[in-house]
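Report on the following structure.
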Amino acid sequence: MEQINNIQVVPCTSSNYLKPFRVHYSQNGTMKSWDFMRTHDSVSVLIFNTTLHCFILVKQFRPAVYMCEWEKSQAEETGSEVGEVGEVGEAAAPPEEKGDAENHPQLPPASAGVTYELCAGLVDKPHLSLEEIARQEVLEECGYDVPASKLRRITSYRSGVGVTGAKQTMFYAEVSDENRVGEGGGEPQEGELIEVVKVPLHEAMNFAYDENIPKTMGVIFSFIWFHSNMLSKYKISTNV
Ligand SMILES: O=c1ccn([C@@H]2O[C@H](COP(=O)(O)OP(=O)(O)O[C@H]3O[C@H](CO)[C@@H](O)[C@H](O)[C@H]3O)[C@@H](O)[C@H]2O)c(=O)[nH]1
Ligand SMILES: [Mg+2]
């Protein structure tokens with residue numbers, strides 16, 4: 001269980017990960033403006049373990065998700081609309097001595113910010129191919145060593161058309177227990193705390209549509225992709 005405390009929200013004045021801009025433009029003669037973020041593109045990988053017949057996902061605490069839940073809980077308490085709960089700086093400031101979620105019911109539990117996701121990573125190393133970046137993420141986050149040549153490109157898409165416009169490229173990797181060389185869990189020196197999770201093939205579609213399991217669209221789409229494209233290969237032994 002994650003322990004999240006000492007939360008402080010402050011304005012983001014400079015970042016290595018995202019930069020906000022406003023673009024003014026004219027569309028068919030109408031002047032418009034749009035606020036957006038520049039951010040890194042990313043890769044994600046649907047991993048299927050052929051020994052165990054399960055998908056390998058990651059589970060991690062996402063501050064952005066947690067803060068949405070926090071704002072929602074504040075809005076419920078004060079009767080205001082979500083998005084109207086004070087200024088960021090104000091939101092900010094659950095004072096440190098207010099402590100952690102367990103002792104202070106006004107903070108949602110840490111689990112409110114934990115999501116199930118495909119293994120994924122930012123494209124922040126210009127000298128590496130997308131496949132090579134994906135390979136490194138599979139190794140670091142999930143502990144499987146697969147050659148980049150074994151990654152099959154599924155497709156690519158825009159991961160956030162309103163805000164970032166960033167592109168995500170999705171790969172498929174078949175692994176076996178023999179490819180497992182470590183625990184995964186992310187890069188400790190980068191502060192990554194990732195839990196590796198197995199989803200059995202026969203439970204995948206229920207998992208995908210279960211709204212009580214917080215997850216990314218990538219998980220849902222890739223499970224459906226697998227069912228449309230790969231199931232016949234594994235059907236006999238799984239009886240799905
Ligand atoms: O504000 C930030 C942002 C990132 N990091 C660091 O950067 C790393 C980024 O990890 P990485 O695995 O490269 O990227 P993800 O966070 O997994 O993000 C990917 O996976 C997400 C879920 O699929 C997608 O939403 C993203 O677009 C995609 O880049 C994090 O662990 C942190 O170490 C920070 O410290 N602060
Ligand atoms: Mg990641």
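FYI, nothing fancy with the structure tokens labels: chains A, B, ... in order, residues from 1 per chain, ligands from 1 as they appear.
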Please identify every polymer residue within 10 Å of ligand 1, using only C-alpha atoms and all ligand atoms, and present the set as number ranges by chain.
A: 12, 15-18, 39-45, 58, 60-64, 115-124, 133-134, 136-138, 140-141, 158-160, 164, 166-170, 186-194, 215-219
Enumerate as a compact mmCIF listing (two decimals) with N, CA, C and O atoms, in the first residue's frame all residues of stretch 84-233 of chain A assigned to strand (DSSP E or B) by DSSP on the backbone, naming them with the chain letters and numbers the document uses.
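As written to disk, selection-v1.txt reads:
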```txt
# COMPACT_ATOMS: atom_id res chain seq x y z
N VAL A 114 -4.04 5.36 -7.73
CA VAL A 114 -3.28 4.23 -8.31
C VAL A 114 -4.03 3.69 -9.52
O VAL A 114 -5.23 3.43 -9.45
N THR A 115 -3.34 3.55 -10.64
CA THR A 115 -4.00 3.04 -11.86
C THR A 115 -3.25 1.86 -12.45
O THR A 115 -2.04 1.71 -12.26
N TYR A 116 -3.99 1.02 -13.16
CA TYR A 116 -3.43 -0.09 -13.94
C TYR A 116 -3.13 0.43 -15.34
O TYR A 116 -3.99 1.09 -15.95
N GLU A 117 -1.95 0.12 -15.83
CA GLU A 117 -1.53 0.67 -17.13
C GLU A 117 -0.71 -0.35 -17.89
O GLU A 117 -0.16 -1.29 -17.31
N CYS A 119 2.77 -1.18 -19.58
CA CYS A 119 4.16 -0.73 -19.43
C CYS A 119 4.36 0.39 -20.46
O CYS A 119 4.00 0.24 -21.62
N ALA A 120 4.89 1.52 -20.02
CA ALA A 120 4.97 2.67 -20.94
C ALA A 120 6.08 3.61 -20.52
O ALA A 120 6.52 3.59 -19.37
N GLY A 121 6.50 4.42 -21.43
CA GLY A 121 7.54 5.38 -21.09
C GLY A 121 7.61 6.52 -22.08
O GLY A 121 7.12 6.44 -23.22
N LEU A 122 8.23 7.58 -21.63
CA LEU A 122 8.39 8.77 -22.46
C LEU A 122 9.46 8.57 -23.52
O LEU A 122 10.46 7.88 -23.27
N TYR A 144 11.44 -8.07 -17.84
CA TYR A 144 11.62 -9.03 -18.94
C TYR A 144 12.61 -8.47 -19.96
O TYR A 144 12.51 -7.30 -20.35
N ARG A 152 6.36 -6.02 -31.71
CA ARG A 152 5.51 -5.81 -32.89
C ARG A 152 4.73 -4.53 -32.71
O ARG A 152 4.06 -4.35 -31.68
N ARG A 153 4.83 -3.66 -33.71
CA ARG A 153 4.11 -2.38 -33.60
C ARG A 153 2.62 -2.64 -33.82
O ARG A 153 2.24 -3.24 -34.82
N ILE A 154 1.78 -2.23 -32.88
CA ILE A 154 0.33 -2.39 -33.05
C ILE A 154 -0.23 -1.20 -33.82
O ILE A 154 -0.80 -1.36 -34.89
N THR A 155 -0.03 -0.01 -33.27
CA THR A 155 -0.46 1.20 -33.97
C THR A 155 0.02 2.41 -33.18
O THR A 155 0.69 2.26 -32.14
N SER A 156 -0.30 3.58 -33.68
CA SER A 156 -0.01 4.79 -32.90
C SER A 156 -1.24 5.69 -32.95
O SER A 156 -2.10 5.53 -33.83
N TYR A 157 -1.33 6.60 -32.02
CA TYR A 157 -2.52 7.45 -31.89
C TYR A 157 -2.14 8.67 -31.07
O TYR A 157 -1.08 8.70 -30.44
N ARG A 158 -3.02 9.65 -31.08
CA ARG A 158 -2.81 10.86 -30.26
C ARG A 158 -3.37 10.59 -28.87
O ARG A 158 -4.54 10.23 -28.73
N LYS A 167 1.87 11.98 -29.28
CA LYS A 167 1.64 10.71 -29.97
C LYS A 167 2.13 9.57 -29.08
O LYS A 167 3.20 9.67 -28.47
N GLN A 168 1.34 8.52 -29.03
CA GLN A 168 1.81 7.30 -28.34
C GLN A 168 1.84 6.16 -29.35
O GLN A 168 0.90 6.00 -30.14
N THR A 169 2.91 5.42 -29.33
CA THR A 169 3.05 4.26 -30.20
C THR A 169 2.96 3.02 -29.34
O THR A 169 3.68 2.90 -28.34
N MET A 170 2.07 2.09 -29.75
CA MET A 170 1.84 0.90 -28.93
C MET A 170 2.47 -0.33 -29.59
O MET A 170 2.33 -0.53 -30.80
N PHE A 171 3.15 -1.11 -28.78
CA PHE A 171 3.79 -2.34 -29.25
C PHE A 171 3.19 -3.54 -28.54
O PHE A 171 2.58 -3.41 -27.47
N TYR A 172 3.45 -4.71 -29.14
CA TYR A 172 3.05 -5.98 -28.52
C TYR A 172 4.32 -6.81 -28.31
O TYR A 172 5.14 -6.92 -29.23
N ALA A 173 4.46 -7.36 -27.12
CA ALA A 173 5.63 -8.20 -26.86
C ALA A 173 5.18 -9.51 -26.23
O ALA A 173 4.46 -9.50 -25.22
N GLU A 174 5.58 -10.62 -26.84
CA GLU A 174 5.36 -11.91 -26.20
C GLU A 174 6.60 -12.25 -25.41
O GLU A 174 7.72 -12.18 -25.93
N VAL A 175 6.39 -12.60 -24.16
CA VAL A 175 7.53 -12.97 -23.31
C VAL A 175 7.22 -14.34 -22.71
O VAL A 175 6.07 -14.78 -22.71
N ARG A 180 12.47 -13.61 -18.12
CA ARG A 180 12.38 -12.82 -16.89
C ARG A 180 13.74 -12.77 -16.21
O ARG A 180 14.28 -13.79 -15.82
N GLU A 195 4.40 -1.44 -9.44
CA GLU A 195 4.09 -2.83 -9.10
C GLU A 195 3.73 -3.56 -10.40
O GLU A 195 2.96 -3.05 -11.21
N VAL A 196 4.31 -4.72 -10.58
CA VAL A 196 4.01 -5.53 -11.77
C VAL A 196 2.80 -6.41 -11.44
O VAL A 196 2.76 -7.04 -10.39
N VAL A 197 1.82 -6.41 -12.34
CA VAL A 197 0.57 -7.12 -12.07
C VAL A 197 0.27 -8.07 -13.23
O VAL A 197 0.46 -7.72 -14.39
N LYS A 198 -0.21 -9.27 -12.90
CA LYS A 198 -0.60 -10.24 -13.94
C LYS A 198 -2.11 -10.27 -14.07
O LYS A 198 -2.82 -10.37 -13.07
N VAL A 199 -2.59 -10.22 -15.31
CA VAL A 199 -4.02 -10.40 -15.55
C VAL A 199 -4.19 -11.64 -16.42
O VAL A 199 -3.77 -11.64 -17.59
N PRO A 200 -4.79 -12.72 -15.88
CA PRO A 200 -4.95 -13.94 -16.67
C PRO A 200 -5.77 -13.67 -17.93
O PRO A 200 -6.73 -12.88 -17.89
N LYS A 215 -8.01 2.41 -14.83
CA LYS A 215 -7.03 1.99 -15.84
C LYS A 215 -6.99 2.98 -16.99
O LYS A 215 -7.88 3.84 -17.11
```
When DSSP is applied to the backbone of this structure, which of stretch 6-215 of chain A are assigned alpha helix (DSSP H)? Write them out as a PDB file with N, CA and C atoms, in the first residue's frame.
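This went into out_35.pdb:
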```pdb
ATOM      1  N   PRO A  63       0.067  11.049  -9.565  1.00  0.00           N
ATOM      2  CA  PRO A  63      -0.329  12.278  -8.863  1.00  0.00           C
ATOM      3  C   PRO A  63      -1.474  13.016  -9.555  1.00  0.00           C
ATOM      4  N   ALA A  64      -1.475  13.037 -10.883  1.00  0.00           N
ATOM      5  CA  ALA A  64      -2.526  13.792 -11.585  1.00  0.00           C
ATOM      6  C   ALA A  64      -3.895  13.168 -11.324  1.00  0.00           C
ATOM      7  N   VAL A  65      -3.942  11.840 -11.289  1.00  0.00           N
ATOM      8  CA  VAL A  65      -5.209  11.150 -11.017  1.00  0.00           C
ATOM      9  C   VAL A  65      -5.626  11.427  -9.577  1.00  0.00           C
ATOM     10  N   TYR A  66      -4.656  11.334  -8.686  1.00  0.00           N
ATOM     11  CA  TYR A  66      -4.954  11.563  -7.260  1.00  0.00           C
ATOM     12  C   TYR A  66      -5.511  12.964  -7.047  1.00  0.00           C
ATOM     13  N   MET A  67      -4.916  13.947  -7.698  1.00  0.00           N
ATOM     14  CA  MET A  67      -5.368  15.318  -7.485  1.00  0.00           C
ATOM     15  C   MET A  67      -6.766  15.547  -8.050  1.00  0.00           C
ATOM     16  N   CYS A  68      -7.125  14.835  -9.115  1.00  0.00           N
ATOM     17  CA  CYS A  68      -8.518  14.904  -9.595  1.00  0.00           C
ATOM     18  C   CYS A  68      -9.454  14.388  -8.525  1.00  0.00           C
ATOM     19  N   GLU A  69      -9.088  13.265  -7.915  1.00  0.00           N
ATOM     20  CA  GLU A  69      -9.928  12.681  -6.867  1.00  0.00           C
ATOM     21  C   GLU A  69      -9.980  13.607  -5.658  1.00  0.00           C
ATOM     22  N   TRP A  70      -8.848  14.228  -5.364  1.00  0.00           N
ATOM     23  CA  TRP A  70      -8.795  15.154  -4.235  1.00  0.00           C
ATOM     24  C   TRP A  70      -9.747  16.326  -4.469  1.00  0.00           C
ATOM     25  N   GLU A  71      -9.688  16.858  -5.694  1.00  0.00           N
ATOM     26  CA  GLU A  71     -10.531  18.004  -6.020  1.00  0.00           C
ATOM     27  C   GLU A  71     -12.006  17.621  -5.958  1.00  0.00           C
ATOM     28  N   LYS A  72     -12.290  16.393  -6.442  1.00  0.00           N
ATOM     29  CA  LYS A  72     -13.675  15.919  -6.408  1.00  0.00           C
ATOM     30  C   LYS A  72     -14.163  15.815  -4.962  1.00  0.00           C
ATOM     31  N   SER A  73     -13.306  15.300  -4.088  1.00  0.00           N
ATOM     32  CA  SER A  73     -13.728  15.139  -2.688  1.00  0.00           C
ATOM     33  C   SER A  73     -13.918  16.505  -2.027  1.00  0.00           C
ATOM     34  N   GLN A  74     -13.075  17.487  -2.387  1.00  0.00           N
ATOM     35  CA  GLN A  74     -13.237  18.838  -1.844  1.00  0.00           C
ATOM     36  C   GLN A  74     -14.542  19.441  -2.319  1.00  0.00           C
ATOM     37  N   ALA A  75     -14.845  19.231  -3.614  1.00  0.00           N
ATOM     38  CA  ALA A  75     -16.066  19.803  -4.180  1.00  0.00           C
ATOM     39  C   ALA A  75     -17.286  19.216  -3.479  1.00  0.00           C
ATOM     40  N   GLU A  76     -17.242  17.897  -3.205  1.00  0.00           N
ATOM     41  CA  GLU A  76     -18.368  17.259  -2.524  1.00  0.00           C
ATOM     42  C   GLU A  76     -18.556  17.847  -1.128  1.00  0.00           C
ATOM     43  N   GLU A  77     -17.418  18.120  -0.465  1.00  0.00           N
ATOM     44  CA  GLU A  77     -17.486  18.654   0.896  1.00  0.00           C
ATOM     45  C   GLU A  77     -18.047  20.071   0.926  1.00  0.00           C
ATOM     46  N   THR A  78     -17.612  20.883  -0.049  1.00  0.00           N
ATOM     47  CA  THR A  78     -17.991  22.300  -0.009  1.00  0.00           C
ATOM     48  C   THR A  78     -19.212  22.590  -0.871  1.00  0.00           C
ATOM     49  N   VAL A  88      -4.993  27.113  -7.600  1.00  0.00           N
ATOM     50  CA  VAL A  88      -4.060  26.007  -7.440  1.00  0.00           C
ATOM     51  C   VAL A  88      -3.211  26.218  -6.201  1.00  0.00           C
ATOM     52  N   GLY A  89      -2.760  27.442  -6.039  1.00  0.00           N
ATOM     53  CA  GLY A  89      -1.901  27.738  -4.891  1.00  0.00           C
ATOM     54  C   GLY A  89      -2.588  27.462  -3.565  1.00  0.00           C
ATOM     55  N   GLU A  90      -3.890  27.760  -3.578  1.00  0.00           N
ATOM     56  CA  GLU A  90      -4.668  27.561  -2.366  1.00  0.00           C
ATOM     57  C   GLU A  90      -4.876  26.087  -2.113  1.00  0.00           C
ATOM     58  N   ALA A  91      -5.299  25.423  -3.261  1.00  0.00           N
ATOM     59  CA  ALA A  91      -5.618  24.005  -3.206  1.00  0.00           C
ATOM     60  C   ALA A  91      -4.495  23.386  -2.514  1.00  0.00           C
ATOM     61  N   LEU A 130      12.057   3.950 -31.259  1.00  0.00           N
ATOM     62  CA  LEU A 130      10.892   3.702 -30.402  1.00  0.00           C
ATOM     63  C   LEU A 130      10.951   2.279 -29.846  1.00  0.00           C
ATOM     64  N   GLU A 131      11.385   1.335 -30.704  1.00  0.00           N
ATOM     65  CA  GLU A 131      11.468  -0.067 -30.265  1.00  0.00           C
ATOM     66  C   GLU A 131      12.467  -0.217 -29.123  1.00  0.00           C
ATOM     67  N   GLU A 132      13.569   0.493 -29.236  1.00  0.00           N
ATOM     68  CA  GLU A 132      14.610   0.383 -28.209  1.00  0.00           C
ATOM     69  C   GLU A 132      14.124   1.003 -26.887  1.00  0.00           C
ATOM     70  N   ILE A 133      13.419   2.119 -27.001  1.00  0.00           N
ATOM     71  CA  ILE A 133      12.856   2.735 -25.783  1.00  0.00           C
ATOM     72  C   ILE A 133      11.837   1.783 -25.151  1.00  0.00           C
ATOM     73  N   ALA A 134      11.009   1.168 -26.001  1.00  0.00           N
ATOM     74  CA  ALA A 134      10.009   0.218 -25.489  1.00  0.00           C
ATOM     75  C   ALA A 134      10.703  -0.967 -24.813  1.00  0.00           C
ATOM     76  N   ARG A 135      11.772  -1.453 -25.432  1.00  0.00           N
ATOM     77  CA  ARG A 135      12.510  -2.587 -24.864  1.00  0.00           C
ATOM     78  C   ARG A 135      13.032  -2.245 -23.464  1.00  0.00           C
ATOM     79  N   GLN A 136      13.583  -1.038 -23.342  1.00  0.00           N
ATOM     80  CA  GLN A 136      14.123  -0.618 -22.040  1.00  0.00           C
ATOM     81  C   GLN A 136      13.030  -0.517 -20.977  1.00  0.00           C
ATOM     82  N   GLU A 137      11.859  -0.021 -21.391  1.00  0.00           N
ATOM     83  CA  GLU A 137      10.752   0.098 -20.423  1.00  0.00           C
ATOM     84  C   GLU A 137      10.300  -1.283 -19.951  1.00  0.00           C
ATOM     85  N   ALA A 204      -9.347 -11.202 -18.918  1.00  0.00           N
ATOM     86  CA  ALA A 204      -8.946  -9.901 -19.486  1.00  0.00           C
ATOM     87  C   ALA A 204     -10.121  -9.029 -19.896  1.00  0.00           C
ATOM     88  N   MET A 205     -11.145  -9.608 -20.533  1.00  0.00           N
ATOM     89  CA  MET A 205     -12.225  -8.745 -21.008  1.00  0.00           C
ATOM     90  C   MET A 205     -13.064  -8.210 -19.846  1.00  0.00           C
ATOM     91  N   ASN A 206     -13.276  -9.020 -18.828  1.00  0.00           N
ATOM     92  CA  ASN A 206     -13.988  -8.506 -17.650  1.00  0.00           C
ATOM     93  C   ASN A 206     -13.183  -7.393 -16.986  1.00  0.00           C
ATOM     94  N   PHE A 207     -11.863  -7.612 -16.914  1.00  0.00           N
ATOM     95  CA  PHE A 207     -10.969  -6.599 -16.344  1.00  0.00           C
ATOM     96  C   PHE A 207     -11.104  -5.294 -17.135  1.00  0.00           C
ATOM     97  N   ALA A 208     -11.088  -5.427 -18.474  1.00  0.00           N
ATOM     98  CA  ALA A 208     -11.100  -4.236 -19.332  1.00  0.00           C
ATOM     99  C   ALA A 208     -12.332  -3.376 -19.086  1.00  0.00           C
ATOM    100  N   TYR A 209     -13.480  -4.023 -18.893  1.00  0.00           N
ATOM    101  CA  TYR A 209     -14.727  -3.258 -18.796  1.00  0.00           C
ATOM    102  C   TYR A 209     -15.157  -2.993 -17.359  1.00  0.00           C
TER     103      TYR A 209
END
```
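Atom CA of A:Lys235 sits 14.4 Å away from atom CA of A:Phe223.
From atom CA of A:Gly184 back to atom CA of A:Leu139, the distance works out to 6.5 Å.
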One residue among A:Ile220, A:Trp225, A:Leu231, A:Leu57 is nearest to ligand 2 when using only C-alpha atoms and all ligand atoms, and that residue is A:Leu57
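Computed from the coordinates, the atom CA of A:Val181 to atom CA of A:Gly143 distance equals 5.7 Å.
Using only C-alpha atoms and all ligand atoms for every distance, the candidate list A:Lys125, A:Ser149, A:Gly185, A:Asn6 yields A:Gly185 as the residue closest to ligand 2.
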Name the closest residue to A:Met37 among the candidates A:Thr51, A:Gly165, A:Ala110, A:Leu151; distances are taken between atoms, counting only C-alpha atoms.
A:Gly165
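When only C-alpha atoms and all ligand atoms are used to compute distances to ligand 2, the closest of the residues A:Leu107, A:Val10, A:Ile47, A:Cys142 turns out to be A:Cys142.
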